[in-house]
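Asker: My structure is in start-v7.csv, and what it holds is CSV, C-alpha atoms and all ligand atoms:
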chain,number,residue,atom,x,y,z
A,1362,MET,CA,32.6,4.5,-24.7
A,1363,GLU,CA,31.8,2.1,-27.7
A,1364,ASP,CA,33.7,4.2,-30.3
A,1365,LYS,CA,36.9,3.9,-28.4
A,1366,THR,CA,38.8,0.7,-29.0
A,1367,GLY,CA,42.2,-0.9,-28.4
A,1368,VAL,CA,44.7,-0.8,-25.6
A,1369,LEU,CA,47.3,1.9,-25.3
A,1370,VAL,CA,50.4,1.3,-23.1
A,1371,TYR,CA,52.2,4.3,-21.8
A,1372,GLY,CA,55.8,3.0,-22.1
A,1373,GLU,CA,58.8,4.0,-20.1
A,1374,LEU,CA,62.4,3.8,-21.2
A,1375,ALA,CA,65.5,2.5,-19.6
A,1376,GLY,CA,68.2,4.0,-21.7
A,1377,THR,CA,67.8,2.7,-25.2
A,1378,LYS,CA,65.6,-0.2,-24.1
A,1379,LEU,CA,62.1,-0.6,-22.6
A,1380,ALA,CA,61.8,-0.5,-18.9
A,1381,GLY,CA,60.9,-3.8,-17.2
A,1382,THR,CA,57.5,-2.4,-16.1
A,1383,THR,CA,56.7,-1.5,-19.7
A,1384,CYS,CA,57.4,-5.1,-20.8
A,1385,GLU,CA,54.9,-6.3,-18.2
A,1386,LEU,CA,52.3,-3.7,-19.3
A,1387,LEU,CA,52.7,-4.8,-22.9
A,1388,GLU,CA,52.2,-8.4,-22.0
A,1389,CYS,CA,49.1,-7.5,-20.0
A,1390,GLY,CA,47.9,-5.2,-22.8
A,1391,ARG,CA,48.5,-7.9,-25.4
A,1392,ARG,CA,46.3,-10.3,-23.4
A,1393,LEU,CA,43.5,-7.7,-22.9
A,1394,ALA,CA,43.5,-6.7,-26.5
A,1395,ALA,CA,43.3,-10.3,-27.6
A,1396,ASP,CA,40.4,-10.9,-25.3
A,1397,LEU,CA,38.6,-7.9,-26.8
A,1398,GLY,CA,39.7,-8.8,-30.4
A,1399,GLN,CA,41.3,-5.3,-30.6
A,1400,ARG,CA,44.7,-3.9,-31.2
A,1401,LEU,CA,47.5,-3.0,-28.8
A,1402,ALA,CA,49.5,0.3,-29.2
A,1403,CYS,CA,52.3,1.8,-27.2
A,1404,VAL,CA,53.4,5.4,-26.7
A,1405,LEU,CA,57.1,6.1,-25.9
A,1406,VAL,CA,58.2,9.5,-24.7
A,1407,GLY,CA,61.7,10.9,-24.6
A,1408,GLU,CA,64.8,10.3,-26.7
A,1409,VAL,CA,63.3,7.1,-28.2
A,1410,SER,CA,65.7,4.7,-29.8
A,1411,ASP,CA,64.9,2.4,-32.8
A,1412,THR,CA,65.7,-0.5,-30.4
A,1413,ALA,CA,63.0,0.5,-28.0
A,1414,ALA,CA,60.4,1.0,-30.7
A,1415,ALA,CA,61.2,-2.4,-32.3
A,1416,GLU,CA,61.0,-4.1,-28.8
A,1417,ALA,CA,57.6,-2.6,-28.3
A,1418,ALA,CA,56.5,-3.9,-31.7
A,1419,ALA,CA,58.0,-7.4,-30.9
A,1420,ARG,CA,56.0,-7.4,-27.7
A,1421,GLY,CA,52.8,-6.9,-29.6
A,1422,ALA,CA,52.3,-3.2,-30.2
A,1423,ALA,CA,50.7,-2.8,-33.6
A,1424,THR,CA,51.5,0.9,-33.6
A,1425,VAL,CA,54.2,2.7,-31.6
A,1426,TYR,CA,53.6,6.3,-31.0
A,1427,VAL,CA,56.7,8.3,-30.5
A,1428,ALA,CA,56.8,11.7,-28.7
A,1429,SER,CA,60.3,13.1,-28.9
A,1430,ILE,CA,61.2,15.4,-26.1
A,1431,PRO,CA,64.6,16.8,-25.1
A,1432,GLN,CA,66.5,15.1,-22.3
A,1433,GLU,CA,66.0,18.1,-20.0
A,1434,CYS,CA,62.2,17.5,-20.1
A,1435,ALA,CA,62.6,13.8,-19.2
A,1436,PHE,CA,61.4,14.4,-15.6
A,1437,ASP,CA,58.8,17.1,-16.4
A,1438,GLY,CA,55.3,15.7,-15.6
A,1439,ASP,CA,53.6,18.5,-17.5
A,1440,VAL,CA,55.4,17.4,-20.7
A,1441,HIS,CA,54.6,13.7,-20.1
A,1442,VAL,CA,50.9,14.5,-19.5
A,1443,ALA,CA,50.8,16.6,-22.7
A,1444,ALA,CA,52.4,13.7,-24.7
A,1445,ALA,CA,50.1,11.1,-23.2
A,1446,ALA,CA,47.1,13.3,-24.0
A,1447,ALA,CA,48.3,13.6,-27.6
A,1448,ALA,CA,48.7,9.9,-27.9
A,1449,VAL,CA,45.2,9.3,-26.5
A,1450,ALA,CA,43.7,11.8,-28.9
A,1451,THR,CA,45.4,10.1,-31.8
A,1452,ALA,CA,44.9,6.5,-30.9
A,1453,GLU,CA,41.4,6.9,-29.2
A,1454,PRO,CA,41.9,3.7,-27.1
A,1455,GLY,CA,39.3,2.1,-24.9
A,1456,ILE,CA,41.9,1.2,-22.3
A,1457,VAL,CA,45.1,3.1,-21.2
A,1458,LEU,CA,47.7,1.3,-19.1
A,1459,LEU,CA,50.5,3.0,-17.2
A,1460,GLY,CA,53.1,1.6,-14.7
A,1461,HIS,CA,52.5,2.4,-11.1
A,1462,THR,CA,56.0,3.9,-11.2
A,1463,PRO,CA,56.9,7.4,-9.9
A,1464,LEU,CA,56.1,8.7,-13.4
A,1465,GLY,CA,52.9,6.7,-13.8
A,1466,ARG,CA,51.7,7.7,-10.4
A,1467,GLU,CA,52.2,11.3,-11.4
A,1468,ILE,CA,50.7,11.4,-14.8
A,1469,GLY,CA,48.0,8.7,-14.5
A,1470,PRO,CA,45.6,10.8,-12.3
A,1471,ARG,CA,46.5,14.0,-14.2
A,1472,LEU,CA,45.8,12.4,-17.5
A,1473,ALA,CA,42.5,11.0,-16.2
A,1474,PHE,CA,41.5,14.4,-15.0
A,1475,ARG,CA,42.3,15.9,-18.4
A,1476,LEU,CA,40.3,13.2,-20.2
A,1477,GLY,CA,37.4,13.5,-17.7
A,1478,ALA,CA,37.9,9.8,-17.0
A,1479,ALA,CA,38.3,7.6,-13.9
A,1480,VAL,CA,41.6,5.9,-13.1
A,1481,SER,CA,42.3,2.9,-10.8
A,1482,THR,CA,45.8,3.1,-9.4
A,1483,ASP,CA,48.2,0.4,-8.2
A,1484,CYS,CA,46.3,-2.4,-9.9
A,1485,ILE,CA,47.6,-6.0,-9.5
A,1486,ASP,CA,45.2,-7.7,-11.8
A,1487,LEU,CA,43.3,-6.6,-14.9
A,1488,ARG,CA,40.8,-8.7,-16.9
A,1489,ILE,CA,37.9,-8.2,-19.3
A,1490,ASP,CA,34.4,-8.9,-18.1
A,1491,PRO,CA,33.2,-11.4,-20.8
A,1492,ASP,CA,29.6,-10.1,-20.5
A,1493,SER,CA,30.1,-6.3,-20.6
A,1494,GLY,CA,33.5,-6.2,-22.3
A,1495,LYS,CA,34.6,-3.8,-19.6
A,1496,LEU,CA,37.9,-3.8,-17.8
A,1497,ILE,CA,37.8,-5.1,-14.3
A,1498,MET,CA,40.6,-3.5,-12.3
A,1499,THR,CA,41.8,-5.2,-9.0
A,1500,LYS,CA,43.8,-3.3,-6.5
A,1501,PRO,CA,44.8,-3.9,-2.8
A,1502,VAL,CA,43.1,-1.6,-0.3
A,1503,TYR,CA,43.3,-1.0,3.5
A,1504,GLY,CA,47.1,-1.6,3.4
A,1505,GLY,CA,46.8,-4.8,1.5
A,1506,ASN,CA,44.2,-6.4,3.8
A,1507,ALA,CA,41.5,-6.5,1.1
A,1508,LEU,CA,41.2,-6.5,-2.7
A,1509,LEU,CA,38.9,-4.1,-4.6
A,1510,ASP,CA,37.5,-4.8,-8.0
A,1511,SER,CA,36.3,-1.7,-9.9
A,1512,VAL,CA,34.9,-1.0,-13.3
A,1513,ALA,CA,35.0,2.5,-14.8
A,1514,GLN,CA,31.9,4.2,-16.1
A,1515,THR,CA,33.9,6.6,-18.2
A,1516,ALA,CA,36.1,6.3,-21.2
A,1517,PRO,CA,38.9,5.6,-21.7
A,1518,GLN,CA,39.4,3.2,-18.8
A,1519,LEU,CA,42.7,4.0,-17.2
A,1520,ALA,CA,44.8,1.9,-14.8
A,1521,THR,CA,48.2,2.2,-13.3
A,1522,VAL,CA,49.7,-1.3,-12.7
A,1523,ARG,CA,52.0,-2.4,-9.9
A,1524,ALA,CA,55.5,-3.5,-11.0
A,1525,LYS,CA,56.0,-7.3,-10.9
A,1526,ALA,CA,52.3,-8.0,-10.6
A,1527,MET,CA,52.1,-9.3,-14.2
A,1528,PRO,CA,54.4,-11.6,-16.1
A,1529,THR,CA,57.0,-10.0,-18.4
A,1530,GLY,CA,56.3,-12.3,-21.4
A,1531,GLU,CA,58.6,-12.9,-24.3
A,1532,PRO,CA,59.0,-10.8,-27.4
A,1533,THR,CA,57.5,-12.8,-30.3
A,1534,ALA,CA,58.3,-11.5,-33.8
A,1535,GLU,CA,61.0,-9.3,-35.1
A,1536,ASN,CA,58.3,-6.9,-36.4
A,1537,THR,CA,59.3,-3.7,-38.1
A,1538,PRO,CA,57.5,-1.2,-35.9
A,1539,ASN,CA,54.7,0.9,-37.3
A,1540,VAL,CA,56.0,4.2,-35.9
A,1541,VAL,CA,53.8,7.3,-35.7
A,1542,HIS,CA,55.5,10.5,-34.6
A,1543,LEU,CA,53.3,12.6,-32.4
A,1544,SER,CA,53.3,16.3,-32.6
A,1545,PHE,CA,52.0,18.2,-29.6
A,1546,GLU,CA,52.4,21.5,-28.0
A,1547,MET,CA,55.2,21.4,-25.5
A,1548,PRO,CA,54.0,23.1,-22.3
A,1549,THR,CA,56.2,25.8,-20.8
A,1550,THR,CA,58.3,24.1,-18.2
A,1551,ARG,CA,57.7,24.9,-14.5
A,1552,LEU,CA,60.5,22.7,-13.5
A,1553,THR,CA,64.1,23.7,-12.5
A,1554,ILE,CA,66.6,20.9,-12.2
A,1555,THR,CA,69.0,21.9,-9.5
A,1556,ASP,CA,71.0,18.7,-9.1
A,1557,ARG,CA,71.2,15.1,-10.6
A,1558,VAL,CA,72.1,12.2,-8.3
A,1559,GLN,CA,72.6,8.8,-9.7
A,1560,GLU,CA,71.5,6.1,-7.3
A,1561,GLU,CA,74.5,3.9,-6.7
A,1562,VAL,CA,73.7,0.2,-6.8
A,1563,GLU,CA,76.3,-2.4,-5.8
A,1564,GLY,CA,75.6,-5.9,-7.0
A,1565,VAL,CA,72.0,-6.8,-8.0
A,1566,LYS,CA,69.3,-4.1,-8.2
A,1567,LEU,CA,66.7,-4.6,-5.5
A,1568,GLU,CA,63.7,-4.6,-7.8
A,1569,ASP,CA,65.4,-7.1,-10.2
A,1570,ALA,CA,66.9,-9.4,-7.6
A,1571,PRO,CA,65.6,-13.0,-7.6
A,1572,ILE,CA,66.4,-13.2,-3.9
A,1573,VAL,CA,65.9,-10.4,-1.4
A,1574,VAL,CA,67.2,-10.4,2.2
A,1575,SER,CA,65.3,-7.8,4.2
A,1576,GLY,CA,66.0,-6.4,7.6
A,1577,GLY,CA,63.6,-4.9,10.1
A,1578,ARG,CA,63.7,-2.8,13.3
A,1579,GLY,CA,64.6,-6.0,15.1
A,1580,VAL,CA,68.1,-6.1,13.7
A,1581,GLY,CA,68.8,-3.2,16.1
A,1582,GLY,CA,71.0,-0.9,14.1
A,1583,PRO,CA,72.8,-0.2,10.8
A,1584,GLU,CA,75.7,-2.6,11.1
A,1585,PRO,CA,73.8,-5.9,10.2
A,1586,PHE,CA,72.8,-4.4,6.9
A,1587,THR,CA,76.4,-4.3,5.7
A,1588,THR,CA,77.5,-7.5,7.5
A,1589,ILE,CA,75.1,-10.3,8.4
A,1590,LEU,CA,72.3,-9.5,5.9
A,1591,GLN,CA,74.8,-8.5,3.1
A,1592,ASP,CA,76.7,-11.7,3.6
A,1593,LEU,CA,73.6,-13.8,3.2
A,1594,ALA,CA,72.5,-11.8,0.2
A,1595,ALA,CA,76.0,-12.1,-1.4
A,1596,VAL,CA,76.0,-15.9,-1.1
A,1597,LEU,CA,72.6,-16.0,-2.8
A,1598,HIS,CA,73.4,-13.4,-5.4
A,1599,GLY,CA,70.6,-11.4,-4.0
A,1600,ALA,CA,70.0,-7.9,-2.8
A,1601,VAL,CA,69.4,-6.4,0.7
A,1602,GLY,CA,66.1,-4.6,1.5
A,1603,ALA,CA,64.7,-3.0,4.6
A,1604,SER,CA,61.5,-2.2,6.5
A,1605,ARG,CA,60.4,1.4,6.8
A,1606,PRO,CA,61.5,1.8,10.5
A,1607,ALA,CA,65.0,0.6,9.5
A,1608,CYS,CA,65.2,3.3,6.8
A,1609,ASP,CA,63.5,5.9,9.0
A,1610,ASN,CA,66.2,5.3,11.6
A,1611,GLY,CA,68.9,5.8,9.0
A,1612,TRP,CA,70.1,2.2,9.3
A,1613,ALA,CA,69.6,1.5,5.6
A,1614,PRO,CA,69.3,3.9,2.7
A,1615,GLU,CA,65.8,4.9,1.5
A,1616,ALA,CA,66.4,3.1,-1.7
A,1617,MET,CA,66.1,-0.2,0.2
A,1618,HIS,CA,62.7,0.7,1.7
A,1619,ILE,CA,60.1,-1.9,0.9
A,1620,GLY,CA,56.4,-1.6,1.4
A,1621,LEU,CA,53.3,0.5,0.9
A,1622,THR,CA,55.3,3.7,0.9
A,1623,GLY,CA,58.5,2.2,-0.5
A,1624,LYS,CA,59.5,-0.2,-3.3
A,1625,ILE,CA,57.5,-3.2,-4.4
A,1626,VAL,CA,59.5,-6.3,-5.0
A,1627,ALA,CA,58.4,-9.8,-6.1
A,1628,PRO,CA,61.4,-12.0,-6.0
A,1629,ASP,CA,61.5,-15.8,-6.1
A,1630,ILE,CA,62.6,-15.8,-2.4
A,1631,TYR,CA,62.0,-13.0,0.2
A,1632,ILE,CA,63.9,-13.6,3.5
A,1633,ALA,CA,62.4,-11.3,6.2
A,1634,VAL,CA,64.8,-10.9,9.0
A,1635,ALA,CA,63.4,-9.5,12.3
A,1636,ILE,CA,60.4,-8.0,10.5
A,1637,SER,CA,57.0,-8.3,12.2
A,1638,GLY,CA,55.0,-8.5,9.0
A,1639,ALA,CA,52.8,-5.4,9.2
A,1640,SER,CA,50.4,-5.1,6.3
A,1641,GLN,CA,52.1,-2.0,5.1
A,1642,HIS,CA,55.4,-3.9,4.8
A,1643,MET,CA,53.7,-6.9,3.2
A,1644,SER,CA,52.2,-4.6,0.5
A,1645,GLY,CA,55.7,-4.3,-0.9
A,1646,CYS,CA,56.6,-8.0,-0.8
A,1647,ALA,CA,53.5,-10.1,-0.8
A,1648,GLY,CA,54.0,-10.9,-4.5
A,1649,SER,CA,57.1,-12.9,-3.7
A,1650,LYS,CA,57.0,-16.5,-4.7
A,1651,THR,CA,58.3,-17.8,-1.4
A,1652,ILE,CA,58.6,-15.9,1.9
A,1653,ILE,CA,61.0,-17.1,4.6
A,1654,ALA,CA,60.8,-15.5,8.0
A,1655,ILE,CA,63.4,-15.4,10.8
A,1656,ASN,CA,61.9,-13.8,14.0
A,1657,LYS,CA,62.4,-14.5,17.7
A,1658,ASP,CA,58.7,-14.0,18.3
A,1659,ALA,CA,56.7,-17.2,17.3
A,1660,GLU,CA,53.5,-15.1,17.3
A,1661,ALA,CA,54.8,-12.5,14.8
A,1662,ASN,CA,52.4,-11.9,11.9
A,1663,ILE,CA,55.1,-12.6,9.4
A,1664,PHE,CA,54.8,-16.3,10.2
A,1665,ARG,CA,51.3,-16.2,8.8
A,1666,GLU,CA,52.6,-14.9,5.5
A,1667,ALA,CA,55.7,-17.1,5.3
A,1668,ALA,CA,56.0,-20.5,3.6
A,1669,TYR,CA,59.0,-21.3,5.9
A,1670,GLY,CA,60.0,-19.8,9.2
A,1671,VAL,CA,62.6,-20.0,11.9
A,1672,VAL,CA,61.9,-18.9,15.4
A,1673,GLY,CA,65.1,-17.6,16.9
A,1674,ARG,CA,67.5,-14.7,17.3
A,1675,TYR,CA,68.6,-13.6,13.8
A,1676,GLU,CA,72.2,-13.1,15.2
A,1677,ASP,CA,72.3,-16.9,15.6
A,1678,VAL,CA,70.2,-18.1,12.7
A,1679,VAL,CA,71.4,-16.0,9.8
A,1680,PRO,CA,75.2,-16.5,10.1
A,1681,ALA,CA,74.6,-20.2,10.6
A,1682,PHE,CA,72.3,-20.3,7.5
A,1683,THR,CA,74.9,-18.4,5.5
A,1684,ALA,CA,77.7,-20.7,6.5
A,1685,ARG,CA,75.7,-23.8,5.6
A,1686,LEU,CA,74.8,-22.3,2.3
A,1687,ARG,CA,78.5,-21.6,1.6
A,1688,GLU,CA,79.3,-25.2,2.3
A,1689,LEU,CA,76.5,-26.5,0.1
A,1690,LEU,CA,77.4,-24.2,-2.7
A,1691,ALA,CA,81.1,-25.2,-2.5
A,1692,ASP,CA,80.3,-28.9,-3.0
A,1701,LIG,C1,50.7,4.9,6.2
A,1701,LIG,C2,51.8,3.9,6.6
A,1701,LIG,C3,52.6,3.5,5.7
A,1701,LIG,C4,53.6,2.6,6.0
A,1701,LIG,N1,54.5,2.1,5.0
A,1701,LIG,C5,55.4,1.2,5.4
A,1701,LIG,C6,56.2,0.6,4.4
A,1701,LIG,O1,56.2,1.0,3.2
A,1701,LIG,N2,57.1,-0.3,4.7
A,1701,LIG,C7,57.2,-0.8,6.0
A,1701,LIG,O2,58.0,-1.7,6.3
A,1701,LIG,N3,56.4,-0.3,7.0
A,1701,LIG,C8,55.5,0.7,6.7
A,1701,LIG,N4,54.7,1.2,7.7
A,1701,LIG,C9,55.0,0.8,9.1
A,1701,LIG,C10,54.4,-0.5,9.4
A,1701,LIG,O3,53.1,-0.2,9.9
A,1701,LIG,C11,55.2,-1.2,10.6
A,1701,LIG,O4,55.3,-0.3,11.7
A,1701,LIG,C12,56.6,-1.6,10.1
A,1701,LIG,O5,56.5,-2.3,8.9
A,1701,LIG,C13,57.3,-2.4,11.2
A,1701,LIG,O6,58.6,-2.6,10.8
A,1701,LIG,P1,59.4,-3.8,11.4
A,1701,LIG,O7,58.7,-5.1,11.1
A,1701,LIG,O8,60.8,-3.7,10.9
A,1701,LIG,O9,59.4,-3.5,13.0
A,1701,LIG,P2,58.6,-4.1,14.2
A,1701,LIG,O10,57.2,-4.1,13.9
A,1701,LIG,O11,59.1,-3.4,15.4
A,1701,LIG,O12,59.1,-5.6,14.2
A,1701,LIG,C14,60.4,-6.0,14.6
A,1701,LIG,C15,60.4,-7.5,14.7
A,1701,LIG,O13,61.7,-7.9,15.0
A,1701,LIG,C16,61.7,-9.0,15.8
A,1701,LIG,N5,62.9,-9.1,16.5
A,1701,LIG,C17,63.5,-8.3,17.4
A,1701,LIG,N6,64.7,-8.6,17.8
A,1701,LIG,C18,65.0,-9.8,17.1
A,1701,LIG,C19,66.1,-10.6,17.0
A,1701,LIG,N7,67.2,-10.4,17.7
A,1701,LIG,N8,66.0,-11.7,16.2
A,1701,LIG,C20,64.9,-12.0,15.4
A,1701,LIG,N9,63.8,-11.2,15.5
A,1701,LIG,C21,63.9,-10.1,16.3
A,1701,LIG,C22,60.5,-8.8,16.7
A,1701,LIG,O14,60.0,-9.9,17.3
A,1701,LIG,C23,59.5,-8.1,15.8
A,1701,LIG,O15,58.6,-9.0,15.2
A,1701,LIG,C24,53.7,2.1,7.4
A,1701,LIG,C25,52.8,2.6,8.3
A,1701,LIG,C26,51.9,3.5,7.9
A,1701,LIG,C27,50.9,4.0,9.0
Let me see the file written as structure tokens.

Answerer:
Amino acid sequence: MEDKTGVLVYGELAGTKLAGTTCELLECGRRLAADLGQRLACVLVGEVSDTAAAEAAARGAATVYVASIPQECAFDGDVHVAAAAAAVATAEPGIVLLGHTPLGREIGPRLAFRLGAAVSTDCIDLRIDPDSGKLIMTKPVYGGNALLDSVAQTAPQLATVRAKAMPTGEPTAENTPNVVHLSFEMPTTRLTITDRVQEEVEGVKLEDAPIVVSGGRGVGGPEPFTTILQDLAAVLHGAVGASRPACDNGWAPEAMHIGLTGKIVAPDIYIAVAISGASQHMSGCAGSKTIIAINKDAEANIFREAAYGVVGRYEDVVPAFTARLRELLAD
């Protein structure tokens, strides 16, 4: 393990820029590399723009490995695993970080298997043990009811990191990136793309919204999602989310599903409307800075998680809250 040094971030792209999760990984990687007195590198796979490579450098990557692949391979896990393996073979890092995104969830374990290494998935905290110099990886287990610390006995040490679990940090210098183009054997694709559907987002994107108004089974049907909840979200310039039952019932689109099996959000304010606060739901929103609960059951678990709570029927509470906010904001 000792001959492998440095931290390698597997970056993801959002068009010509870095994805938000990658900025978080780079900030985390920069901290870990500094604690180890080692270097940070980043690998970018796809049609990589100069802007993205420069941003990775400005966020601390001493070397940016670029694996150019055609657009039609952008969703091909086999290609990403091959590119990641090529980056690891070249950089020989001691630590590899990936986002716990759909892509990272797919390639993290496959890459670990290929390297004969362990991976800890869905980590919310990473730190260096000052005594051993090893990476301590913290992840929620049992539906978020407990936290597990683990240390890998293999190298490199791999972790996928939950979105919004780490600060984004700021780019520091306008560094000219030290770009290394990777060559690797493109695997024969086993993927056939039959259709492309662009997720339509009106207003603020759920994952990026500073305020999220979420509805649960207790709202009773689809209508509140486009009326009462949407009205409150609009006044606050926020986005609407939902619990799993609300999505399973078809009241809200799957894209709004928050929780263990859905999206993870960490807004400044999370308003849980008629949501009981099951651990699987909280897994997706527990990182919120402030949770406000509106529930007619004073014993609902959500009140144990919330900083502020209103016991009452949401049909009465939410419209009154929205109206009062409108008045205050108009002043
Ligand atoms: C493996 C697994 C994964 C899961 N993943 C997820 C996940 O990702 N996300 C998720 O959300 N769940 C998930 N679940 C389901 C989870 O266990 C809960 O069943 C679910 O979160 C409950 O959703 P809810 O709070 O909307 O509904 P309920 O638990 O039914 O709660 C409804 C709440 O609404 C309140 N209410 C009713 N009427 C009103 C009213 N008029 N005004 C105010 N309050 C009212 C009630 O008091 C109640 O507290 C998962 C479960 C499993 C087993």

Asker: Chain A near ligand LIG 1701 (chain A) within 9 Å: what's each residue's closest atom pair and its distance in Å to one decimal, counting all atoms listed in the file, ordered by chain then ascending residue number, as a tab-separated table?

Answerer:
residue	atom	partner	partner_atom	distance
A:Gly1504	CA	A:LIG1701	C3	7.8
A:Gly1576	CA	A:LIG1701	O8	6.7
A:Gly1577	CA	A:LIG1701	O8	3.1
A:Arg1578	CA	A:LIG1701	O8	3.9
A:Gly1579	CA	A:LIG1701	C17	3.4
A:Val1580	CA	A:LIG1701	N6	5.9
A:Gly1581	CA	A:LIG1701	N6	7.0
A:Ala1603	CA	A:LIG1701	O2	7.0
A:Ser1604	CA	A:LIG1701	O2	3.5
A:Arg1605	CA	A:LIG1701	O2	4.0
A:Pro1606	CA	A:LIG1701	O6	5.3
A:Ala1607	CA	A:LIG1701	O8	6.2
A:Cys1608	CA	A:LIG1701	O2	8.8
A:His1618	CA	A:LIG1701	N2	6.4
A:Ile1619	CA	A:LIG1701	N2	5.1
A:Gly1620	CA	A:LIG1701	O1	3.2
A:Leu1621	CA	A:LIG1701	O1	3.7
A:Thr1622	CA	A:LIG1701	O1	3.7
A:Gly1623	CA	A:LIG1701	O1	4.5
A:Lys1624	CA	A:LIG1701	O1	7.4
A:Ile1625	CA	A:LIG1701	O1	8.8
A:Ala1633	CA	A:LIG1701	O7	8.7
A:Val1634	CA	A:LIG1701	C20	6.5
A:Ala1635	CA	A:LIG1701	O13	3.6
A:Ile1636	CA	A:LIG1701	O7	3.4
A:Ser1637	CA	A:LIG1701	O15	3.5
A:Gly1638	CA	A:LIG1701	O7	5.4
A:Ala1639	CA	A:LIG1701	O5	4.8
A:Ser1640	CA	A:LIG1701	O3	6.7
A:Gln1641	CA	A:LIG1701	C5	4.6
A:His1642	CA	A:LIG1701	O2	3.7
A:Met1643	CA	A:LIG1701	O2	7.4
A:Ser1644	CA	A:LIG1701	O1	7.4
A:Gly1645	CA	A:LIG1701	O1	6.7
A:Ile1655	CA	A:LIG1701	C20	5.9
A:Asn1656	CA	A:LIG1701	N9	3.6
A:Lys1657	CA	A:LIG1701	N9	4.2
A:Asp1658	CA	A:LIG1701	O14	4.4
A:Ala1659	CA	A:LIG1701	O14	8.0
A:Glu1660	CA	A:LIG1701	O15	8.2
A:Ala1661	CA	A:LIG1701	O15	5.2
A:Asn1662	CA	A:LIG1701	O15	7.6
A:Ile1663	CA	A:LIG1701	O15	7.7
A:Val1672	CA	A:LIG1701	C20	7.5
A:Gly1673	CA	A:LIG1701	C20	5.8
A:Arg1674	CA	A:LIG1701	N8	3.5
A:Tyr1675	CA	A:LIG1701	N8	4.0
A:Glu1676	CA	A:LIG1701	N7	6.2
A:Asp1677	CA	A:LIG1701	N8	8.2
A:Val1678	CA	A:LIG1701	N8	8.4

Asker: Which residue gives the smallest distance to Glu1385 (chain A) among A:Glu1531, A:Glu1666, A:Asp1569, A:Glu1615, with all atoms listed in the file counted?

Answerer: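 Closest to Glu1385 (chain A), using all atoms listed in the file: A:Glu1531.
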
Asker: Within 9 Å of region 1559-1564 of chain A, counting all atoms listed in the file, which residues show up once you throw out same-chain ones fewer than 5 positions away? Write them as a list in words, please.

Answerer: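 Neighbouring residues, sequence-local ones excluded: Ala1595, His1598, Gly1599, Ala1600 and Ala1616 of chain A.
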
Asker: Might you pull out every residue within 7 Å of region 1511-1527 of chain A, with only C-alpha atoms counted and same-chain residues fewer than 5 positions away left off, and present them as a ChimeraX atom specification?

Answerer: /A:1362,1382,1385,1389,1454-1461,1465,1469,1478-1485,1495-1499,1625-1627,1648

Asker: Closest to Thr1383 (chain A) among A:Thr1550, A:Thr1462, A:Ser1544, A:Thr1537, using all atoms listed in the file?

Answerer: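 Smallest separation from Thr1383 (chain A) among the options: A:Thr1462.
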
Asker: Could you list, with a cut-off of 9 Å and counting all atoms listed in the file, the residues of region 1471-1516 of chain A near region 1426-1446 of chain A, each shown with its nearest atom pair and the distance in Å rounded to one decimal, rows sorted by chain and ascending number, as JSON lines?

Answerer:
{"residue": "A:Arg1471", "atom": "CA", "partner": "A:Val1442", "partner_atom": "CA", "distance": 6.9}
{"residue": "A:Leu1472", "atom": "CA", "partner": "A:Val1442", "partner_atom": "CA", "distance": 5.9}
{"residue": "A:Arg1475", "atom": "CA", "partner": "A:Ala1446", "partner_atom": "CA", "distance": 7.8}
{"residue": "A:Leu1476", "atom": "CA", "partner": "A:Ala1446", "partner_atom": "CA", "distance": 7.8}

Asker: Out of A:Glu1416, A:Asp1592, A:Ala1691, A:Ile1572, which residue has the shortest atom-to-atom distance to Lys1650 (chain A) when counting all atoms listed in the file?

Answerer: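 Going through A:Glu1416, A:Asp1592, A:Ala1691, A:Ile1572 one by one, the smallest distance to Lys1650 (chain A) is for A:Ile1572.
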
Asker: Rank nothing, just name the residue among A:Ala1613, A:Arg1665, A:Thr1424, A:Ala1594 nearest to Leu1686 (chain A), using all atoms listed in the file.

Answerer: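 Closest residue, counting all atoms listed in the file: A:Ala1594.
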
Asker: Please indicate the distance in Å from CA of Thr1377 (chain A) to CA of Pro1538 (chain A), rounded to one decimal place.

Answerer: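 Value for the CA of Thr1377 (chain A)-CA of Pro1538 (chain A) distance: 15.4 Å.
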
Asker: Need the neighbours of (53.8, -5.9, -25.5): which residues are at most 6 Å away, counting all atoms listed in the file, as a ChimeraX atom specification?

Answerer: /A:1384,1387-1388,1391,1417,1420-1422

Asker: Using only C-alpha atoms, which of the listed residues (A:Met1547, A:Leu1386, A:Ile1632, A:Val1596) sits closest to Val1573 (chain A)?

Answerer: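 Ranked by minimum distance to Val1573 (chain A), first place goes to A:Ile1632.
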
Asker: Could you tell me how far CA of Ala1380 (chain A) lies from CA of Leu1487 (chain A), in Å and to one decimal?

Answerer: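 Going from CA of Ala1380 (chain A) over to CA of Leu1487 (chain A) covers 19.9 Å.
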
Asker: Nearest to Val1425 (chain A): which of A:Phe1474, A:Tyr1503, A:Tyr1669, A:Tyr1371 is it, counting all atoms listed in the file?

Answerer: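 With all atoms listed in the file as the atom set, the closest residue is A:Tyr1371.
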
Asker: Can you tell me how far CA of Cys1646 (chain A) sits from CA of Glu1584 (chain A), in Å to one decimal?

Answerer: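 Distance between the two atoms: 23.1 Å.
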